[in-house]
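Novice: Okay, so here is entry20.cif, and as you'll see once you scroll down, it has mmCIF, C-alpha atoms and all ligand atoms.
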data_start
#
loop_
_atom_site.label_atom_id
_atom_site.label_comp_id
_atom_site.auth_asym_id
_atom_site.auth_seq_id
_atom_site.Cartn_x
_atom_site.Cartn_y
_atom_site.Cartn_z
CA THR H 9 -34.42 40.67 -61.14
CA THR H 10 -37.85 39.87 -59.78
CA VAL H 11 -38.61 37.76 -56.72
CA THR H 12 -42.18 36.71 -55.96
CA VAL H 13 -43.67 36.37 -52.51
CA ALA H 14 -46.02 33.42 -52.96
CA LEU H 15 -49.11 34.22 -50.91
CA GLY H 16 -51.83 32.93 -53.19
CA ALA H 17 -54.23 35.67 -54.21
CA ARG H 18 -52.08 38.16 -52.28
CA ALA H 19 -48.82 37.20 -54.02
CA TYR H 20 -46.65 40.14 -54.98
CA PRO H 21 -43.45 40.87 -56.89
CA ILE H 22 -40.25 42.43 -55.56
CA HIS H 23 -38.41 44.14 -58.40
CA ILE H 24 -34.70 44.66 -57.77
CA GLY H 25 -32.38 46.80 -59.87
CA PRO H 26 -31.30 50.31 -60.82
CA GLY H 27 -33.68 52.99 -62.08
CA LEU H 28 -36.86 51.60 -60.53
CA ILE H 29 -37.92 54.87 -58.89
CA GLY H 30 -38.10 56.46 -62.34
CA ARG H 31 -40.28 53.59 -63.56
CA ALA H 32 -42.43 53.38 -60.45
CA GLY H 33 -45.46 55.11 -61.98
CA SER H 34 -45.88 52.63 -64.79
CA LEU H 35 -45.15 49.64 -62.54
CA ILE H 36 -47.74 50.79 -60.00
CA ARG H 37 -50.18 51.46 -62.83
CA GLU H 38 -49.77 47.85 -64.01
CA ALA H 39 -50.42 46.56 -60.50
CA LEU H 40 -53.37 48.91 -59.87
CA PRO H 41 -55.03 49.69 -63.22
CA ARG H 42 -57.98 51.57 -61.73
CA ALA H 43 -56.33 53.81 -59.12
CA ARG H 44 -56.67 57.53 -59.84
CA ARG H 45 -54.63 58.87 -56.97
CA ALA H 46 -51.65 57.91 -54.88
CA PHE H 47 -50.43 58.99 -51.46
CA VAL H 48 -46.65 59.13 -50.94
CA ILE H 49 -44.99 59.02 -47.53
CA SER H 50 -41.30 59.79 -47.11
CA ASP H 51 -38.87 61.37 -44.66
CA ASP H 52 -37.06 64.68 -44.83
CA THR H 53 -33.76 63.08 -45.82
CA VAL H 54 -35.07 60.85 -48.59
CA ALA H 55 -37.71 63.20 -50.04
CA PRO H 56 -35.24 65.82 -51.35
CA LEU H 57 -33.23 63.03 -53.00
CA TYR H 58 -35.92 60.91 -54.68
CA LEU H 59 -39.41 62.33 -54.36
CA GLU H 60 -39.21 64.51 -57.46
CA ALA H 61 -38.33 61.55 -59.69
CA LEU H 62 -41.06 59.43 -58.12
CA GLY H 63 -43.64 62.22 -58.46
CA ALA H 64 -42.80 62.76 -62.12
CA SER H 65 -43.21 59.06 -62.88
CA LEU H 66 -46.52 58.93 -60.99
CA GLU H 67 -47.87 61.91 -62.92
CA ALA H 68 -46.70 60.44 -66.21
CA ALA H 69 -48.70 57.31 -65.35
CA GLY H 70 -51.82 59.36 -64.65
CA PHE H 71 -51.76 59.48 -60.86
CA ALA H 72 -52.73 62.60 -58.92
CA PHE H 73 -50.56 62.33 -55.83
CA ALA H 74 -50.14 63.92 -52.43
CA ARG H 75 -47.13 63.71 -50.16
CA HIS H 76 -46.62 63.51 -46.42
CA ILE H 77 -43.08 64.01 -45.11
CA VAL H 78 -42.02 62.98 -41.61
CA PRO H 79 -38.72 63.78 -39.86
CA ALA H 80 -36.04 61.15 -40.52
CA GLY H 81 -35.48 58.79 -37.61
CA GLU H 82 -37.09 56.22 -35.37
CA ALA H 83 -39.08 58.84 -33.44
CA SER H 84 -41.41 59.12 -36.44
CA LYS H 85 -42.77 55.63 -35.72
CA SER H 86 -45.17 57.08 -33.16
CA ILE H 87 -48.91 57.14 -32.56
CA ALA H 88 -48.76 60.95 -32.83
CA ARG H 89 -47.18 60.80 -36.31
CA LEU H 90 -49.59 58.06 -37.30
CA GLU H 91 -52.58 60.16 -36.32
CA ALA H 92 -51.38 63.21 -38.25
CA LEU H 93 -50.64 60.98 -41.24
CA LEU H 94 -54.04 59.30 -41.21
CA GLU H 95 -55.89 62.61 -40.97
CA ASP H 96 -53.82 63.93 -43.86
CA MET H 97 -54.56 60.81 -45.92
CA LEU H 98 -58.28 61.00 -45.28
CA GLY H 99 -58.27 64.74 -46.00
CA PHE H 100 -56.72 63.98 -49.38
CA GLY H 101 -59.75 61.88 -50.17
CA MET H 102 -58.33 58.39 -50.08
CA GLU H 103 -60.47 55.79 -51.82
CA ARG H 104 -60.23 52.07 -51.23
CA SER H 105 -58.21 51.76 -54.43
CA THR H 106 -55.76 54.57 -53.56
CA PRO H 107 -52.27 53.18 -52.94
CA VAL H 108 -50.10 54.35 -50.08
CA ILE H 109 -46.49 54.48 -51.30
CA ALA H 110 -43.63 54.31 -48.79
CA LEU H 111 -40.46 55.96 -50.11
CA GLY H 112 -37.69 55.52 -47.57
CA GLY H 113 -36.13 53.19 -45.05
CA GLY H 114 -37.75 50.87 -42.56
CA VAL H 115 -39.10 53.72 -40.46
CA VAL H 116 -41.15 55.15 -43.32
CA GLY H 117 -42.11 51.65 -44.48
CA ASP H 118 -43.36 50.54 -41.06
CA LEU H 119 -45.30 53.77 -40.43
CA ALA H 120 -46.79 53.98 -43.93
CA GLY H 121 -47.63 50.29 -43.93
CA PHE H 122 -49.54 50.53 -40.68
CA ALA H 123 -51.41 53.60 -41.94
CA ALA H 124 -52.27 51.65 -45.12
CA ALA H 125 -53.47 48.73 -42.98
CA VAL H 126 -55.92 50.80 -40.96
CA ALA H 127 -57.06 53.61 -43.30
CA LEU H 128 -60.49 52.58 -44.62
CA ARG H 129 -59.71 49.17 -43.07
CA GLY H 130 -56.92 48.65 -45.56
CA VAL H 131 -55.75 50.23 -48.81
CA PRO H 132 -53.13 49.01 -51.30
CA PHE H 133 -49.56 49.46 -50.15
CA VAL H 134 -46.42 49.91 -52.26
CA GLN H 135 -42.95 49.74 -50.78
CA ILE H 136 -40.09 51.67 -52.36
CA PRO H 137 -37.31 50.87 -49.87
CA THR H 138 -34.25 53.13 -50.04
CA THR H 139 -31.99 51.63 -47.36
CA LEU H 140 -30.24 48.29 -47.71
CA LEU H 141 -31.96 47.15 -44.51
CA ALA H 142 -35.37 47.93 -45.96
CA GLN H 143 -34.51 46.35 -49.33
CA VAL H 144 -33.35 43.05 -47.81
CA ASP H 145 -35.70 42.85 -44.86
CA SER H 146 -38.36 45.29 -43.71
CA SER H 147 -40.10 46.01 -47.04
CA VAL H 148 -40.90 42.32 -47.51
CA GLY H 149 -43.24 40.30 -45.34
CA GLY H 150 -46.04 42.60 -44.30
CA LYS H 151 -45.06 43.46 -40.73
CA THR H 152 -46.01 47.07 -40.05
CA ALA H 153 -45.86 48.94 -36.76
CA VAL H 154 -45.30 52.01 -34.69
CA ASN H 155 -43.66 52.14 -31.27
CA SER H 156 -45.24 52.36 -27.83
CA ARG H 157 -43.73 53.86 -24.71
CA HIS H 158 -43.79 50.25 -23.54
CA GLY H 159 -41.59 49.06 -26.34
CA LYS H 160 -40.76 48.98 -30.01
CA ASN H 161 -43.19 47.77 -32.69
CA LEU H 162 -45.86 46.89 -30.13
CA ILE H 163 -48.68 48.56 -32.08
CA GLY H 164 -49.01 47.14 -35.55
CA ALA H 165 -50.65 44.92 -38.10
CA PHE H 166 -49.83 42.45 -40.80
CA HIS H 167 -50.48 44.17 -44.13
CA GLN H 168 -48.68 42.88 -47.19
CA PRO H 169 -47.59 45.27 -49.92
CA CYS H 170 -48.87 44.65 -53.44
CA LEU H 171 -45.54 45.68 -54.96
CA VAL H 172 -41.97 46.24 -53.77
CA LEU H 173 -39.50 48.29 -55.80
CA ALA H 174 -35.93 47.95 -54.51
CA ASP H 175 -34.05 50.56 -56.53
CA THR H 176 -30.38 49.71 -56.05
CA GLY H 177 -29.42 53.17 -57.30
CA ALA H 178 -30.83 54.68 -54.11
CA LEU H 179 -28.07 52.97 -52.13
CA ASP H 180 -25.49 55.29 -53.68
CA THR H 181 -26.53 58.09 -51.32
CA LEU H 182 -26.85 55.91 -48.23
CA PRO H 183 -24.21 56.62 -45.54
CA ARG H 184 -21.68 53.80 -45.15
CA ARG H 185 -22.77 53.14 -41.58
CA GLU H 186 -26.41 52.60 -42.66
CA LEU H 187 -25.22 50.40 -45.53
CA LEU H 188 -23.25 48.23 -43.10
CA ALA H 189 -26.23 47.96 -40.77
CA GLY H 190 -28.27 46.59 -43.68
CA TYR H 191 -25.42 44.27 -44.61
CA ALA H 192 -25.74 42.62 -41.20
CA GLU H 193 -29.35 41.70 -42.01
CA THR H 194 -28.22 40.35 -45.40
CA ALA H 195 -25.57 38.21 -43.73
CA LYS H 196 -28.29 36.91 -41.41
CA TYR H 197 -29.83 34.92 -44.27
CA GLY H 198 -26.51 33.15 -44.84
CA LEU H 199 -26.22 32.32 -41.16
CA ILE H 200 -29.82 31.11 -40.91
CA GLY H 201 -29.94 28.67 -43.76
CA ASP H 202 -27.54 29.29 -46.63
CA ALA H 203 -23.88 28.48 -45.94
CA ALA H 204 -23.02 28.95 -49.64
CA PHE H 205 -24.34 32.53 -49.47
CA TRP H 206 -22.21 33.13 -46.39
CA ASP H 207 -19.15 31.92 -48.34
CA TRP H 208 -20.15 34.25 -51.17
CA LEU H 209 -20.42 37.20 -48.76
CA GLU H 210 -16.97 36.48 -47.34
CA ALA H 211 -15.62 36.65 -50.88
CA HIS H 212 -17.68 39.55 -52.24
CA GLY H 213 -18.89 41.51 -49.22
CA PRO H 214 -16.08 44.08 -49.29
CA ALA H 215 -16.63 44.86 -53.01
CA LEU H 216 -20.39 44.94 -52.49
CA LEU H 217 -19.99 47.46 -49.67
CA ALA H 218 -17.50 49.50 -51.72
CA GLY H 219 -20.20 50.13 -54.32
CA ASP H 220 -20.48 47.26 -56.81
CA ALA H 221 -24.09 47.57 -58.01
CA GLY H 222 -24.26 44.08 -59.53
CA LEU H 223 -23.11 42.42 -56.32
CA ARG H 224 -25.60 44.51 -54.35
CA ALA H 225 -28.47 43.45 -56.58
CA ASP H 226 -27.38 39.80 -56.29
CA ALA H 227 -27.26 39.94 -52.49
CA ILE H 228 -30.62 41.71 -52.29
CA ALA H 229 -32.19 39.07 -54.53
CA VAL H 230 -30.81 36.18 -52.44
CA SER H 231 -32.00 37.92 -49.26
CA CYS H 232 -35.49 38.61 -50.62
CA ARG H 233 -35.81 35.04 -51.88
CA ALA H 234 -34.90 33.74 -48.43
CA LYS H 235 -37.29 36.09 -46.67
CA ALA H 236 -40.07 35.45 -49.20
CA ALA H 237 -39.79 31.69 -48.67
CA VAL H 238 -40.07 32.03 -44.90
CA VAL H 239 -42.96 34.50 -45.14
CA ALA H 240 -44.85 32.34 -47.63
CA ALA H 241 -44.50 29.34 -45.30
CA ASP H 242 -45.39 31.17 -42.08
CA GLU H 243 -46.92 34.57 -42.78
CA ARG H 244 -47.99 35.32 -39.20
CA GLU H 245 -44.95 33.95 -37.39
CA SER H 246 -46.49 30.96 -35.71
CA GLY H 247 -43.30 28.96 -36.21
CA GLN H 248 -40.41 29.06 -38.64
CA ARG H 249 -40.64 32.78 -39.38
CA ALA H 250 -39.10 33.28 -35.95
CA LEU H 251 -35.79 32.07 -37.43
CA LEU H 252 -35.52 35.55 -38.96
CA ASN H 253 -34.97 36.78 -35.41
CA LEU H 254 -31.46 35.31 -35.31
CA GLY H 255 -29.36 37.75 -33.28
CA HIS H 256 -32.40 39.85 -32.45
CA THR H 257 -33.05 38.69 -28.89
CA PHE H 258 -29.60 39.84 -27.80
CA GLY H 259 -29.69 42.74 -30.27
CA HIS H 260 -32.97 44.15 -29.01
CA ALA H 261 -31.69 44.07 -25.44
CA LEU H 262 -28.68 46.14 -26.49
CA GLU H 263 -30.91 48.55 -28.43
CA ALA H 264 -33.28 48.93 -25.51
CA GLU H 265 -30.32 49.98 -23.36
CA THR H 266 -28.98 52.44 -25.94
CA GLY H 267 -32.37 53.99 -26.72
CA TYR H 268 -32.83 52.95 -30.39
CA GLY H 269 -30.75 55.88 -31.54
CA ASP H 270 -27.49 56.73 -33.20
CA ALA H 271 -25.42 55.12 -30.45
CA LEU H 272 -26.24 51.69 -31.85
CA LEU H 273 -28.11 51.12 -35.12
CA HIS H 274 -30.49 48.16 -35.35
CA GLY H 275 -28.27 46.33 -37.83
CA GLU H 276 -25.22 46.91 -35.64
CA ALA H 277 -27.06 45.48 -32.65
CA VAL H 278 -28.08 42.49 -34.78
CA ALA H 279 -24.46 41.92 -35.88
CA ILE H 280 -23.38 41.80 -32.24
CA GLY H 281 -26.43 39.70 -31.39
CA MET H 282 -25.66 37.14 -34.10
CA VAL H 283 -22.11 36.72 -32.81
CA MET H 284 -23.60 36.24 -29.33
CA ALA H 285 -26.19 33.75 -30.62
CA LEU H 286 -23.46 31.67 -32.27
CA ASP H 287 -21.30 31.92 -29.18
CA LEU H 288 -24.25 30.79 -27.05
CA SER H 289 -24.73 27.88 -29.46
CA ARG H 290 -21.04 27.01 -29.06
CA ARG H 291 -21.38 27.08 -25.27
CA LEU H 292 -24.31 24.67 -25.59
CA GLY H 293 -22.10 22.39 -27.65
CA VAL H 294 -24.01 22.63 -30.92
CA CYS H 295 -21.90 25.10 -32.94
CA PRO H 296 -18.24 24.64 -33.89
CA GLY H 297 -15.99 27.34 -32.44
CA GLN H 298 -14.47 27.99 -35.84
CA ASP H 299 -17.85 29.07 -37.19
CA VAL H 300 -18.19 31.63 -34.39
CA GLU H 301 -14.74 32.94 -35.29
CA ARG H 302 -15.57 33.12 -39.00
CA VAL H 303 -18.60 35.26 -38.28
CA ARG H 304 -16.74 37.51 -35.89
CA GLY H 305 -13.83 37.75 -38.35
CA HIS H 306 -15.97 38.69 -41.32
CA PHE H 307 -17.94 41.32 -39.42
CA GLU H 308 -14.70 42.83 -38.12
CA ALA H 309 -13.23 42.79 -41.62
CA VAL H 310 -16.09 44.82 -43.09
CA GLY H 311 -16.35 47.17 -40.11
CA LEU H 312 -19.37 45.90 -38.19
CA PRO H 313 -19.21 45.79 -34.39
CA THR H 314 -19.02 42.32 -32.85
CA ARG H 315 -19.37 43.23 -29.17
CA PRO H 316 -21.08 45.97 -27.18
CA ASP H 317 -19.13 49.22 -26.86
CA PRO H 318 -16.69 48.54 -23.99
CA ALA H 319 -16.66 52.25 -23.13
CA ARG H 320 -20.22 51.95 -21.88
CA ALA H 321 -21.29 50.57 -18.50
CA TRP H 322 -23.52 47.60 -19.35
CA ASP H 323 -25.58 45.79 -16.74
CA ILE H 324 -26.14 42.11 -17.45
CA ASP H 325 -29.27 41.89 -15.30
CA ARG H 326 -30.85 44.78 -17.14
CA LEU H 327 -30.01 43.18 -20.49
CA ILE H 328 -31.57 39.91 -19.36
CA GLY H 329 -34.60 41.88 -18.16
CA HIS H 330 -35.04 43.34 -21.66
CA MET H 331 -34.86 39.86 -23.21
CA ALA H 332 -37.62 38.64 -20.92
CA LYS H 333 -39.87 41.45 -22.18
CA ASP H 334 -39.32 40.67 -25.85
CA LYS H 335 -42.32 39.96 -28.12
CA LYS H 336 -40.91 36.48 -28.71
CA VAL H 337 -41.62 35.61 -25.10
CA ASP H 338 -44.55 33.30 -24.53
CA ASP H 339 -45.47 31.58 -21.23
CA GLY H 340 -42.56 33.50 -19.72
CA ARG H 341 -40.09 31.63 -21.93
CA VAL H 342 -37.73 33.24 -24.40
CA THR H 343 -37.44 31.53 -27.76
CA PHE H 344 -33.80 31.72 -28.82
CA VAL H 345 -32.59 31.26 -32.36
CA LEU H 346 -29.49 29.09 -32.09
CA ALA H 347 -27.28 27.72 -34.87
CA LYS H 348 -25.64 24.35 -35.44
CA GLY H 349 -23.06 26.31 -37.40
CA ILE H 350 -23.18 28.74 -40.32
CA GLY H 351 -26.42 28.05 -42.22
CA GLY H 352 -27.94 25.89 -39.49
CA ALA H 353 -30.29 28.05 -37.42
CA TYR H 354 -33.04 26.47 -35.32
CA LEU H 355 -35.41 27.52 -32.52
CA ASN H 356 -34.94 26.56 -28.90
CA ARG H 357 -37.24 27.42 -25.99
CA ASP H 358 -35.16 25.73 -23.31
CA VAL H 359 -31.90 27.63 -23.23
CA PRO H 360 -30.41 27.52 -19.72
CA ALA H 361 -30.24 30.95 -18.10
CA ASP H 362 -26.62 30.35 -17.05
CA ALA H 363 -25.47 29.93 -20.62
CA VAL H 364 -27.16 33.20 -21.64
CA ARG H 365 -25.52 34.99 -18.72
CA GLU H 366 -22.09 33.54 -19.58
CA THR H 367 -22.49 34.60 -23.20
CA LEU H 368 -23.28 38.17 -22.19
CA ALA H 369 -20.47 38.25 -19.63
CA ALA H 370 -17.92 37.03 -22.17
CA SER H 371 -19.04 39.58 -24.74
CA LEU H 372 -18.87 42.42 -22.22
CA ALA H 373 -15.54 41.39 -20.71
P1 LIG H 401 -34.43 54.41 -41.36
O1 LIG H 401 -35.66 54.28 -42.10
O2 LIG H 401 -34.38 55.27 -40.16
O3 LIG H 401 -33.29 54.90 -42.37
C1 LIG H 401 -31.99 55.15 -41.89
C2 LIG H 401 -31.51 56.56 -42.25
O4 LIG H 401 -31.14 56.59 -43.62
C3 LIG H 401 -32.59 57.63 -42.07
O5 LIG H 401 -31.97 58.78 -41.56
C4 LIG H 401 -33.05 57.87 -43.51
O6 LIG H 401 -33.53 59.17 -43.68
C5 LIG H 401 -31.79 57.66 -44.29
N1 LIG H 401 -31.97 57.22 -45.67
C6 LIG H 401 -32.85 56.32 -46.13
N2 LIG H 401 -32.64 56.06 -47.42
C7 LIG H 401 -31.59 56.84 -47.79
C8 LIG H 401 -30.90 57.00 -49.02
N3 LIG H 401 -31.19 56.28 -50.10
N4 LIG H 401 -29.90 57.90 -49.06
C9 LIG H 401 -29.56 58.59 -47.94
N5 LIG H 401 -30.15 58.46 -46.75
C10 LIG H 401 -31.17 57.60 -46.69
O7 LIG H 401 -33.86 52.99 -40.87
P2 LIG H 401 -33.81 51.54 -41.53
O8 LIG H 401 -32.56 50.95 -41.03
O9 LIG H 401 -34.07 51.56 -42.99
O10 LIG H 401 -35.06 50.82 -40.85
C11 LIG H 401 -35.12 50.63 -39.46
C12 LIG H 401 -36.54 50.41 -39.06
O11 LIG H 401 -37.04 49.26 -39.74
C13 LIG H 401 -36.75 50.16 -37.59
O12 LIG H 401 -37.80 50.96 -37.12
C14 LIG H 401 -37.13 48.70 -37.51
O13 LIG H 401 -38.00 48.42 -36.44
C15 LIG H 401 -37.80 48.49 -38.83
N6 LIG H 401 -37.78 47.11 -39.29
C16 LIG H 401 -38.95 46.57 -39.70
C17 LIG H 401 -39.00 45.27 -40.17
C18 LIG H 401 -40.28 44.70 -40.66
O14 LIG H 401 -40.34 43.51 -40.96
N7 LIG H 401 -41.31 45.50 -40.80
C19 LIG H 401 -37.83 44.51 -40.23
C20 LIG H 401 -36.65 45.09 -39.82
C21 LIG H 401 -36.63 46.39 -39.36
ZN ZN H 402 -33.65 43.17 -37.88
#
Could you show the structure in this file as structure tokens?
Ligand code: NAD
Ligand code: ZN

Specialist:
Amino acid sequence: TTVTVALGARAYPIHIGPGLIGRAGSLIREALPRARRAFVISDDTVAPLYLEALGASLEAAGFAFARHIVPAGEASKSIARLEALLEDMLGFGMERSTPVIALGGGVVGDLAGFAAAVALRGVPFVQIPTTLLAQVDSSVGGKTAVNSRHGKNLIGAFHQPCLVLADTGALDTLPRRELLAGYAETAKYGLIGDAAFWDWLEAHGPALLAGDAGLRADAIAVSCRAKAAVVAADERESGQRALLNLGHTFGHALEAETGYGDALLHGEAVAIGMVMALDLSRRLGVCPGQDVERVRGHFEAVGLPTRPDPARAWDIDRLIGHMAKDKKVDDGRVTFVLAKGIGGAYLNRDVPADAVRETLAASLA
């Protein structure tokens, strides 16, 4: 399957299916006929699994390539790693036609994408996402970033890839917990604007998670189509792209408290955050209670968390403090993504503080 991100002269295809890593060389060659070299960035979990196959296909397509491997994990999205990476890239003799290829999850994609945005003021960028989260979300749309001590993703750039290769075969080695975290972001597209897709996920989600490759490819394609449509309409997030942040205002607050680590994965935080966002919508009288329960029920059925870990001491004021520092805050106001039910997300800048507090209190009780 191929989905196109319609951005005029910068339009690009997302190929979805098995075996794409082995065909990457020829697909990148088609996209970049004149490139002589390629620079591959991966992490130390993904590289041993997939870099050899990628390298062989690059060489077969006539690319001389270099590799740069970072430690797996969020800590690699740092200015220090970025600097080492950029110096390595420039030492390799990058030319303006030399593609940077990200082979890995969202961490590698965000770091490599930012390096591609700033090296020589911008070189071609190819995403080969290997987590479900990266295949349905982070590899599409051109947001790239590293983290600051002042917060996540605060140093970045918009830099669209010229090609995305979502090899569904790579998901076979992904730990179940990471797969579920990506599933939460997939489900987000149903909740935002596609009630029929939500119904489909309720029916097929368990089989998809158990390993059905066809169902996985279908869900990735639906997700990429949804994200591509939003990105094409609002590339720089001046309006509707913010809908993609459903569940993220609450989710980021939980992540900020847990330190962006193994205690709570991003997708897990977003699952909890989406339940909270629907519950908040219900409290404001716009979302039917049964829709909140459907979402909670489905996430519980597949094994996603739906409330913050009760074993932990959460502080509502601190959580609210994190929300007020979110990037989506403008003029001191938080833009919330609410939902008039499954498939009916909309933006609201006037959510009463009491309702937010009650939502948090209920979830933590
Ligand atoms: P990740 O990149 O850390 O990958 C998760 C773990 O899975 C890592 O340990 C990785 O080594 C391992 N892994 C990756 N592919 C594997 C495979 N095929 N088999 C086995 N193990 C594999 O995390 P992620 O969830 O992919 O991405 C999270 C990051 O994405 C965050 O930094 C977040 O800010 C960013 N993000 C960016 C955007 C965007 O639009 N740019 C959107 C959403 C999230
Ligand atoms: Zn997310």

Novice: Could you check which residues have any atom within 8 Å of (-43.6, 56.8, -39.0), counting all atoms listed in the file with coordinates taken straight from the file, and then list them as a PyMOL selection string?

Specialist: chain H and resi 78+82-86+89-90+115-120+154

Novice: One number please: CA of Ala74 in chain H to CA of Ala46 in chain H, in Å, one decimal.

Specialist: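 So the two atoms, CA of Ala74 in chain H and CA of Ala46 in chain H, lie 6.7 Å apart.
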
Novice: Collect all residues with atoms no farther than 9 Å from ligand ZN 402 (chain H), counting all atoms listed in the file, and output them as a ChimeraX atom specification.

Specialist: /H:141,145-146,190,192-193,196,252-256,259-260,274-275,277-278

Novice: So, counting all atoms listed in the file, which residue among H:Lys348, H:Arg249, H:His76, H:Lys160 is closest to ligand LIG 401 (chain H)?

Specialist: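 Of H:Lys348, H:Arg249, H:His76, H:Lys160, the one nearest ligand LIG 401 (chain H) is H:Lys160, counting all atoms listed in the file.
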
Novice: Could you work out how far CA of Phe73 in chain H lies from CA of Gly149 in chain H, giving the answer in Å with one decimal?

Specialist: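 Rounded to one decimal, the two atoms are 25.5 Å apart.
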
Novice: Around ligand LIG 401 (chain H), which protein and nucleic acid residues have at least one atom no more than 6 Å from it, if we count all atoms listed in the file? List them as a ChimeraX atom specification.

Specialist: /H:51,53-54,80-82,112-116,118,138-139,141-142,145-146,151-152,178-179,181-182

Novice: Those same residues - C-alpha atoms - I'd like them written as an mmCIF file, in the coordinates of the input.

Specialist:
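Below you can see part.cif, which holds the result:
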data_model
loop_
_atom_site.group_PDB
_atom_site.id
_atom_site.type_symbol
_atom_site.label_atom_id
_atom_site.label_comp_id
_atom_site.auth_asym_id
_atom_site.auth_seq_id
_atom_site.Cartn_x
_atom_site.Cartn_y
_atom_site.Cartn_z
ATOM 1 C CA ASP H 51 -38.870 61.370 -44.660
ATOM 2 C CA THR H 53 -33.760 63.080 -45.820
ATOM 3 C CA VAL H 54 -35.070 60.850 -48.590
ATOM 4 C CA ALA H 80 -36.040 61.150 -40.520
ATOM 5 C CA GLY H 81 -35.480 58.790 -37.610
ATOM 6 C CA GLU H 82 -37.090 56.220 -35.370
ATOM 7 C CA GLY H 112 -37.690 55.520 -47.570
ATOM 8 C CA GLY H 113 -36.130 53.190 -45.050
ATOM 9 C CA GLY H 114 -37.750 50.870 -42.560
ATOM 10 C CA VAL H 115 -39.100 53.720 -40.460
ATOM 11 C CA VAL H 116 -41.150 55.150 -43.320
ATOM 12 C CA ASP H 118 -43.360 50.540 -41.060
ATOM 13 C CA THR H 138 -34.250 53.130 -50.040
ATOM 14 C CA THR H 139 -31.990 51.630 -47.360
ATOM 15 C CA LEU H 141 -31.960 47.150 -44.510
ATOM 16 C CA ALA H 142 -35.370 47.930 -45.960
ATOM 17 C CA ASP H 145 -35.700 42.850 -44.860
ATOM 18 C CA SER H 146 -38.360 45.290 -43.710
ATOM 19 C CA LYS H 151 -45.060 43.460 -40.730
ATOM 20 C CA THR H 152 -46.010 47.070 -40.050
ATOM 21 C CA ALA H 178 -30.830 54.680 -54.110
ATOM 22 C CA LEU H 179 -28.070 52.970 -52.130
ATOM 23 C CA THR H 181 -26.530 58.090 -51.320
ATOM 24 C CA LEU H 182 -26.850 55.910 -48.230
#

Novice: Between H:Ile87, H:Leu327, H:Ala203, H:Ile36, which one has atoms that come closest to Ser156 in chain H, using only C-alpha atoms?

Specialist: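 That would be H:Ile87, the residue with the smallest distance to Ser156 in chain H.
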
Novice: What is the distance, in Å and to one decimal place, between CA of Phe122 in chain H and CA of Ile328 in chain H?

Specialist: 29.8 Å

Novice: Might you pull out every residue within 10 Å of range 340-342 of chain H, with only C-alpha atoms counted and same-chain residues fewer than 2 positions away left off, and present them as an MDAnalysis selection string?

Specialist: chainID H and resid 257 331:338 344:345 356:359

Novice: Taking only C-alpha atoms into account, which of H:Ala319, H:Ala218, H:Ala225, H:Ala241 comes nearest Ala373 in chain H?

Specialist: H:Ala319

Novice: Tell me, as a PDB file with C-alpha atoms, in the frame of the given file, which residues lie within 6 Å of range 14-28 of chain H, counting all atoms listed in the file; anything in the same chain fewer than 2 positions away does not count.

Specialist:
ATOM      1  CA  THR H   9     -34.420  40.670 -61.140  1.00  0.00           C
ATOM      2  CA  THR H  10     -37.850  39.870 -59.780  1.00  0.00           C
ATOM      3  CA  VAL H  11     -38.610  37.760 -56.720  1.00  0.00           C
ATOM      4  CA  THR H  12     -42.180  36.710 -55.960  1.00  0.00           C
ATOM      5  CA  GLY H  30     -38.100  56.460 -62.340  1.00  0.00           C
ATOM      6  CA  ARG H  31     -40.280  53.590 -63.560  1.00  0.00           C
ATOM      7  CA  ALA H  32     -42.430  53.380 -60.450  1.00  0.00           C
ATOM      8  CA  CYS H 170     -48.870  44.650 -53.440  1.00  0.00           C
ATOM      9  CA  LEU H 171     -45.540  45.680 -54.960  1.00  0.00           C
ATOM     10  CA  VAL H 172     -41.970  46.240 -53.770  1.00  0.00           C
ATOM     11  CA  LEU H 173     -39.500  48.290 -55.800  1.00  0.00           C
ATOM     12  CA  ALA H 174     -35.930  47.950 -54.510  1.00  0.00           C
ATOM     13  CA  ASP H 175     -34.050  50.560 -56.530  1.00  0.00           C
ATOM     14  CA  THR H 176     -30.380  49.710 -56.050  1.00  0.00           C
ATOM     15  CA  GLY H 177     -29.420  53.170 -57.300  1.00  0.00           C
ATOM     16  CA  ALA H 240     -44.850  32.340 -47.630  1.00  0.00           C
TER      17      ALA H 240
END
